[in-house]
>>> print(open('start.cif').read())   # mmCIF, N, CA, C and O atoms
data_coords
#
loop_
_atom_site.label_atom_id
_atom_site.label_comp_id
_atom_site.auth_asym_id
_atom_site.auth_seq_id
_atom_site.Cartn_x
_atom_site.Cartn_y
_atom_site.Cartn_z
N MET A 203 67.88 -47.70 25.76
CA MET A 203 68.79 -48.80 26.03
C MET A 203 70.03 -48.64 25.15
O MET A 203 69.93 -48.48 23.93
N THR A 204 71.19 -48.65 25.76
CA THR A 204 72.42 -48.53 24.99
C THR A 204 73.11 -49.88 24.88
O THR A 204 73.10 -50.68 25.80
N LYS A 205 73.72 -50.08 23.73
CA LYS A 205 74.45 -51.32 23.51
C LYS A 205 75.92 -51.07 23.83
O LYS A 205 76.47 -50.02 23.50
N LYS A 206 76.53 -52.04 24.48
CA LYS A 206 77.96 -51.93 24.76
C LYS A 206 78.71 -52.50 23.57
O LYS A 206 78.37 -53.55 23.05
N ARG A 207 79.74 -51.78 23.18
CA ARG A 207 80.53 -52.29 22.07
C ARG A 207 81.73 -53.05 22.61
O ARG A 207 82.19 -52.81 23.72
N LYS A 208 82.20 -53.95 21.80
CA LYS A 208 83.36 -54.76 22.15
C LYS A 208 84.59 -53.85 22.20
O LYS A 208 84.77 -53.01 21.31
N PRO A 209 85.47 -54.00 23.19
CA PRO A 209 86.67 -53.17 23.26
C PRO A 209 87.58 -53.40 22.05
O PRO A 209 87.64 -54.50 21.52
N THR A 210 88.26 -52.36 21.65
CA THR A 210 89.19 -52.46 20.53
C THR A 210 90.43 -53.22 20.97
O THR A 210 91.00 -52.93 22.02
N HIS A 211 90.85 -54.17 20.16
CA HIS A 211 92.04 -54.98 20.47
C HIS A 211 93.29 -54.11 20.32
O HIS A 211 93.39 -53.30 19.39
N PRO A 212 94.26 -54.24 21.22
CA PRO A 212 95.50 -53.45 21.13
C PRO A 212 96.23 -53.61 19.80
O PRO A 212 96.86 -52.68 19.31
N GLY A 213 96.13 -54.78 19.21
CA GLY A 213 96.77 -55.03 17.92
C GLY A 213 96.19 -54.15 16.82
O GLY A 213 96.89 -53.66 15.95
N GLU A 214 94.87 -53.95 16.87
CA GLU A 214 94.21 -53.07 15.89
C GLU A 214 94.69 -51.63 16.05
O GLU A 214 94.94 -50.95 15.07
N VAL A 215 94.80 -51.20 17.29
CA VAL A 215 95.26 -49.84 17.56
C VAL A 215 96.69 -49.66 17.06
O VAL A 215 97.00 -48.68 16.37
N LEU A 216 97.56 -50.59 17.37
CA LEU A 216 98.95 -50.53 16.92
C LEU A 216 99.04 -50.50 15.40
O LEU A 216 99.77 -49.70 14.82
N ARG A 217 98.27 -51.36 14.75
CA ARG A 217 98.29 -51.43 13.29
C ARG A 217 97.77 -50.14 12.65
O ARG A 217 98.42 -49.56 11.78
N GLU A 218 96.61 -49.68 13.10
CA GLU A 218 95.95 -48.53 12.46
C GLU A 218 96.54 -47.18 12.85
O GLU A 218 96.56 -46.26 12.04
N ASP A 219 97.01 -47.04 14.08
CA ASP A 219 97.48 -45.74 14.56
C ASP A 219 98.99 -45.55 14.52
O ASP A 219 99.47 -44.43 14.66
N VAL A 220 99.73 -46.64 14.36
CA VAL A 220 101.19 -46.52 14.38
C VAL A 220 101.83 -47.07 13.10
O VAL A 220 102.51 -46.35 12.38
N ILE A 221 101.61 -48.34 12.84
CA ILE A 221 102.33 -49.00 11.74
C ILE A 221 101.92 -48.46 10.37
O ILE A 221 102.78 -48.12 9.56
N LYS A 222 100.62 -48.38 10.11
CA LYS A 222 100.17 -47.87 8.80
C LYS A 222 100.59 -46.41 8.56
O LYS A 222 101.12 -46.11 7.50
N PRO A 223 100.35 -45.50 9.52
CA PRO A 223 100.75 -44.11 9.28
C PRO A 223 102.25 -43.93 9.04
O PRO A 223 102.66 -43.04 8.30
N LEU A 224 103.06 -44.77 9.67
CA LEU A 224 104.51 -44.67 9.47
C LEU A 224 104.98 -45.38 8.21
O LEU A 224 106.14 -45.28 7.84
N GLY A 225 104.07 -46.11 7.57
CA GLY A 225 104.42 -46.82 6.34
C GLY A 225 105.36 -47.99 6.56
O GLY A 225 106.14 -48.32 5.68
N LEU A 226 105.28 -48.59 7.74
CA LEU A 226 106.16 -49.72 8.07
C LEU A 226 105.53 -51.04 7.66
O LEU A 226 104.31 -51.21 7.71
N SER A 227 106.39 -51.98 7.28
CA SER A 227 105.92 -53.35 7.07
C SER A 227 105.94 -54.05 8.42
O SER A 227 106.54 -53.55 9.38
N VAL A 228 105.31 -55.19 8.48
CA VAL A 228 105.32 -55.96 9.72
C VAL A 228 106.75 -56.35 10.07
O VAL A 228 107.16 -56.26 11.23
N THR A 229 107.52 -56.72 9.09
CA THR A 229 108.92 -57.12 9.31
C THR A 229 109.74 -55.96 9.86
O THR A 229 110.48 -56.12 10.84
N GLU A 230 109.59 -54.78 9.27
CA GLU A 230 110.33 -53.60 9.74
C GLU A 230 109.93 -53.23 11.16
O GLU A 230 110.79 -52.95 12.00
N ALA A 231 108.63 -53.23 11.42
CA ALA A 231 108.14 -52.87 12.75
C ALA A 231 108.63 -53.87 13.80
O ALA A 231 109.03 -53.48 14.90
N ALA A 232 108.62 -55.14 13.47
CA ALA A 232 109.09 -56.17 14.40
C ALA A 232 110.56 -55.98 14.73
O ALA A 232 110.96 -56.08 15.89
N LYS A 233 111.37 -55.66 13.73
CA LYS A 233 112.80 -55.41 13.97
C LYS A 233 112.98 -54.22 14.90
O LYS A 233 113.79 -54.27 15.83
N LEU A 234 112.24 -53.16 14.67
CA LEU A 234 112.35 -51.97 15.51
C LEU A 234 111.91 -52.24 16.95
O LEU A 234 112.45 -51.66 17.89
N LEU A 235 110.93 -53.11 17.11
CA LEU A 235 110.43 -53.43 18.45
C LEU A 235 111.25 -54.52 19.14
O LEU A 235 111.06 -54.77 20.33
N GLY A 236 112.11 -55.18 18.38
CA GLY A 236 112.95 -56.23 18.96
C GLY A 236 112.19 -57.53 19.23
O GLY A 236 112.49 -58.25 20.17
N ILE A 237 111.18 -57.80 18.39
CA ILE A 237 110.41 -59.04 18.51
C ILE A 237 110.38 -59.74 17.15
O ILE A 237 110.75 -59.14 16.14
N THR A 238 109.93 -60.97 17.14
CA THR A 238 109.87 -61.69 15.87
C THR A 238 108.69 -61.21 15.03
O THR A 238 107.70 -60.68 15.56
N ARG A 239 108.81 -61.39 13.74
CA ARG A 239 107.74 -61.02 12.81
C ARG A 239 106.47 -61.80 13.14
O ARG A 239 105.37 -61.26 13.10
N LYS A 240 106.63 -63.07 13.47
CA LYS A 240 105.47 -63.90 13.79
C LYS A 240 104.73 -63.39 15.02
O LYS A 240 103.50 -63.34 15.04
N THR A 241 105.47 -63.00 16.04
CA THR A 241 104.85 -62.47 17.26
C THR A 241 104.05 -61.21 16.97
O THR A 241 102.90 -61.07 17.41
N LEU A 242 104.64 -60.29 16.20
CA LEU A 242 103.94 -59.05 15.87
C LEU A 242 102.72 -59.33 14.99
O LEU A 242 101.65 -58.78 15.21
N SER A 243 102.88 -60.20 14.03
CA SER A 243 101.78 -60.54 13.14
C SER A 243 100.61 -61.13 13.92
O SER A 243 99.45 -60.78 13.68
N THR A 244 100.91 -62.00 14.86
CA THR A 244 99.86 -62.60 15.70
C THR A 244 99.11 -61.53 16.48
O THR A 244 97.89 -61.55 16.57
N LEU A 245 99.84 -60.57 17.03
CA LEU A 245 99.22 -59.48 17.77
C LEU A 245 98.36 -58.61 16.86
O LEU A 245 97.22 -58.28 17.17
N LEU A 246 98.91 -58.23 15.70
CA LEU A 246 98.19 -57.35 14.79
C LEU A 246 96.92 -57.98 14.24
O LEU A 246 95.97 -57.29 13.89
N ASN A 247 96.92 -59.30 14.14
CA ASN A 247 95.75 -60.00 13.62
C ASN A 247 94.81 -60.44 14.73
O ASN A 247 93.93 -61.29 14.52
N CYS A 248 94.98 -59.85 15.91
CA CYS A 248 94.10 -60.04 17.07
C CYS A 248 94.03 -61.49 17.54
O CYS A 248 93.01 -61.96 18.03
N ARG A 249 95.13 -62.22 17.39
CA ARG A 249 95.17 -63.60 17.86
C ARG A 249 96.04 -63.76 19.09
O ARG A 249 96.26 -64.87 19.54
N ALA A 250 96.55 -62.66 19.61
CA ALA A 250 97.36 -62.68 20.84
C ALA A 250 97.00 -61.45 21.66
O ALA A 250 96.54 -60.45 21.15
N SER A 251 97.24 -61.56 22.97
CA SER A 251 96.97 -60.42 23.84
C SER A 251 98.27 -59.84 24.35
O SER A 251 99.32 -60.45 24.23
N LEU A 252 98.17 -58.66 24.92
CA LEU A 252 99.35 -58.03 25.51
C LEU A 252 99.43 -58.37 26.98
O LEU A 252 98.50 -58.51 27.66
#
>>> encode(input="start.cif", output="structure tokens")
Amino acid sequence: MTKKRKPTHPGEVLREDVIKPLGLSVTEAAKLLGITRKTLSTLLNCRASL
């Protein structure tokens, strides 16, 4: 019997695979993406969906 794992949230992927390796702060990344810091923070903390 195999257990299904919960899908990885897109915010986790963005944070771990893009923002951290580039050494960006949430504020810097939000500016580059053209969104508010609050919007990006909400996504990265898995409280919003894409």
>>> residues_around(input="start.cif", residues="Arg217 of chain A", least_positions_apart="6", cutoff="10 Å", atoms="only C-alpha atoms", output="tab-separated table (two decimals) with N, CA, C and O atoms, in the coordinates of the input")
chain	number	residue	atom	x	y	z
A	223	PRO	N	100.35	-45.50	9.52
A	223	PRO	CA	100.75	-44.11	9.28
A	223	PRO	C	102.25	-43.93	9.04
A	223	PRO	O	102.66	-43.04	8.30
A	224	LEU	N	103.06	-44.77	9.67
A	224	LEU	CA	104.51	-44.67	9.47
A	224	LEU	C	104.98	-45.38	8.21
A	224	LEU	O	106.14	-45.28	7.84
A	226	LEU	N	105.28	-48.59	7.74
A	226	LEU	CA	106.16	-49.72	8.07
A	226	LEU	C	105.53	-51.04	7.66
A	226	LEU	O	104.31	-51.21	7.71
A	228	VAL	N	105.31	-55.19	8.48
A	228	VAL	CA	105.32	-55.96	9.72
A	228	VAL	C	106.75	-56.35	10.07
A	228	VAL	O	107.16	-56.26	11.23
A	231	ALA	N	108.63	-53.23	11.42
A	231	ALA	CA	108.14	-52.87	12.75
A	231	ALA	C	108.63	-53.87	13.80
A	231	ALA	O	109.03	-53.48	14.90
A	242	LEU	N	104.64	-60.29	16.20
A	242	LEU	CA	103.94	-59.05	15.87
A	242	LEU	C	102.72	-59.33	14.99
A	242	LEU	O	101.65	-58.78	15.21
A	243	SER	N	102.88	-60.20	14.03
A	243	SER	CA	101.78	-60.54	13.14
A	243	SER	C	100.61	-61.13	13.92
A	243	SER	O	99.45	-60.78	13.68
A	245	LEU	N	99.84	-60.57	17.03
A	245	LEU	CA	99.22	-59.48	17.77
A	245	LEU	C	98.36	-58.61	16.86
A	245	LEU	O	97.22	-58.28	17.17
A	246	LEU	N	98.91	-58.23	15.70
A	246	LEU	CA	98.19	-57.35	14.79
A	246	LEU	C	96.92	-57.98	14.24
A	246	LEU	O	95.97	-57.29	13.89
A	247	ASN	N	96.92	-59.30	14.14
A	247	ASN	CA	95.75	-60.00	13.62
A	247	ASN	C	94.81	-60.44	14.73
A	247	ASN	O	93.93	-61.29	14.52
>>> select_by_dssp(input="start.cif", residues="chain A", states="helix (DSSP H, G or I)", output="short mmCIF file (atom, residue, chain, number, x, y, z; two decimals) with N, CA, C and O atoms, in the coordinates of the input")
data_model
loop_
_atom_site.label_atom_id
_atom_site.label_comp_id
_atom_site.auth_asym_id
_atom_site.auth_seq_id
_atom_site.Cartn_x
_atom_site.Cartn_y
_atom_site.Cartn_z
N PRO A 212 94.26 -54.24 21.22
CA PRO A 212 95.50 -53.45 21.13
C PRO A 212 96.23 -53.61 19.80
O PRO A 212 96.86 -52.68 19.31
N GLY A 213 96.13 -54.78 19.21
CA GLY A 213 96.77 -55.03 17.92
C GLY A 213 96.19 -54.15 16.82
O GLY A 213 96.89 -53.66 15.95
N GLU A 214 94.87 -53.95 16.87
CA GLU A 214 94.21 -53.07 15.89
C GLU A 214 94.69 -51.63 16.05
O GLU A 214 94.94 -50.95 15.07
N VAL A 215 94.80 -51.20 17.29
CA VAL A 215 95.26 -49.84 17.56
C VAL A 215 96.69 -49.66 17.06
O VAL A 215 97.00 -48.68 16.37
N LEU A 216 97.56 -50.59 17.37
CA LEU A 216 98.95 -50.53 16.92
C LEU A 216 99.04 -50.50 15.40
O LEU A 216 99.77 -49.70 14.82
N ARG A 217 98.27 -51.36 14.75
CA ARG A 217 98.29 -51.43 13.29
C ARG A 217 97.77 -50.14 12.65
O ARG A 217 98.42 -49.56 11.78
N GLU A 218 96.61 -49.68 13.10
CA GLU A 218 95.95 -48.53 12.46
C GLU A 218 96.54 -47.18 12.85
O GLU A 218 96.56 -46.26 12.04
N ASP A 219 97.01 -47.04 14.08
CA ASP A 219 97.48 -45.74 14.56
C ASP A 219 98.99 -45.55 14.52
O ASP A 219 99.47 -44.43 14.66
N VAL A 220 99.73 -46.64 14.36
CA VAL A 220 101.19 -46.52 14.38
C VAL A 220 101.83 -47.07 13.10
O VAL A 220 102.51 -46.35 12.38
N ILE A 221 101.61 -48.34 12.84
CA ILE A 221 102.33 -49.00 11.74
C ILE A 221 101.92 -48.46 10.37
O ILE A 221 102.78 -48.12 9.56
N LYS A 222 100.62 -48.38 10.11
CA LYS A 222 100.17 -47.87 8.80
C LYS A 222 100.59 -46.41 8.56
O LYS A 222 101.12 -46.11 7.50
N PRO A 223 100.35 -45.50 9.52
CA PRO A 223 100.75 -44.11 9.28
C PRO A 223 102.25 -43.93 9.04
O PRO A 223 102.66 -43.04 8.30
N LEU A 224 103.06 -44.77 9.67
CA LEU A 224 104.51 -44.67 9.47
C LEU A 224 104.98 -45.38 8.21
O LEU A 224 106.14 -45.28 7.84
N VAL A 228 105.31 -55.19 8.48
CA VAL A 228 105.32 -55.96 9.72
C VAL A 228 106.75 -56.35 10.07
O VAL A 228 107.16 -56.26 11.23
N THR A 229 107.52 -56.72 9.09
CA THR A 229 108.92 -57.12 9.31
C THR A 229 109.74 -55.96 9.86
O THR A 229 110.48 -56.12 10.84
N GLU A 230 109.59 -54.78 9.27
CA GLU A 230 110.33 -53.60 9.74
C GLU A 230 109.93 -53.23 11.16
O GLU A 230 110.79 -52.95 12.00
N ALA A 231 108.63 -53.23 11.42
CA ALA A 231 108.14 -52.87 12.75
C ALA A 231 108.63 -53.87 13.80
O ALA A 231 109.03 -53.48 14.90
N ALA A 232 108.62 -55.14 13.47
CA ALA A 232 109.09 -56.17 14.40
C ALA A 232 110.56 -55.98 14.73
O ALA A 232 110.96 -56.08 15.89
N LYS A 233 111.37 -55.66 13.73
CA LYS A 233 112.80 -55.41 13.97
C LYS A 233 112.98 -54.22 14.90
O LYS A 233 113.79 -54.27 15.83
N LEU A 234 112.24 -53.16 14.67
CA LEU A 234 112.35 -51.97 15.51
C LEU A 234 111.91 -52.24 16.95
O LEU A 234 112.45 -51.66 17.89
N LEU A 235 110.93 -53.11 17.11
CA LEU A 235 110.43 -53.43 18.45
C LEU A 235 111.25 -54.52 19.14
O LEU A 235 111.06 -54.77 20.33
N ARG A 239 108.81 -61.39 13.74
CA ARG A 239 107.74 -61.02 12.81
C ARG A 239 106.47 -61.80 13.14
O ARG A 239 105.37 -61.26 13.10
N LYS A 240 106.63 -63.07 13.47
CA LYS A 240 105.47 -63.90 13.79
C LYS A 240 104.73 -63.39 15.02
O LYS A 240 103.50 -63.34 15.04
N THR A 241 105.47 -63.00 16.04
CA THR A 241 104.85 -62.47 17.26
C THR A 241 104.05 -61.21 16.97
O THR A 241 102.90 -61.07 17.41
N LEU A 242 104.64 -60.29 16.20
CA LEU A 242 103.94 -59.05 15.87
C LEU A 242 102.72 -59.33 14.99
O LEU A 242 101.65 -58.78 15.21
N SER A 243 102.88 -60.20 14.03
CA SER A 243 101.78 -60.54 13.14
C SER A 243 100.61 -61.13 13.92
O SER A 243 99.45 -60.78 13.68
N THR A 244 100.91 -62.00 14.86
CA THR A 244 99.86 -62.60 15.70
C THR A 244 99.11 -61.53 16.48
O THR A 244 97.89 -61.55 16.57
N LEU A 245 99.84 -60.57 17.03
CA LEU A 245 99.22 -59.48 17.77
C LEU A 245 98.36 -58.61 16.86
O LEU A 245 97.22 -58.28 17.17
N LEU A 246 98.91 -58.23 15.70
CA LEU A 246 98.19 -57.35 14.79
C LEU A 246 96.92 -57.98 14.24
O LEU A 246 95.97 -57.29 13.89
#
>>> axis_aligned_box(input="start.cif", around="segment 219-233 of chain A", padding_each_side="3 Å", output="lines of an AutoDock Vina configuration file")
center_x = 105.4
center_y = -50.1
center_z = 10.8
size_x = 22.8
size_y = 20.1
size_z = 16.2
>>> atom_distance(input="start.cif", atom1="atom CA of Leu252 of chain A", atom2="atom CA of Ser227 of chain A")
20.1 Å
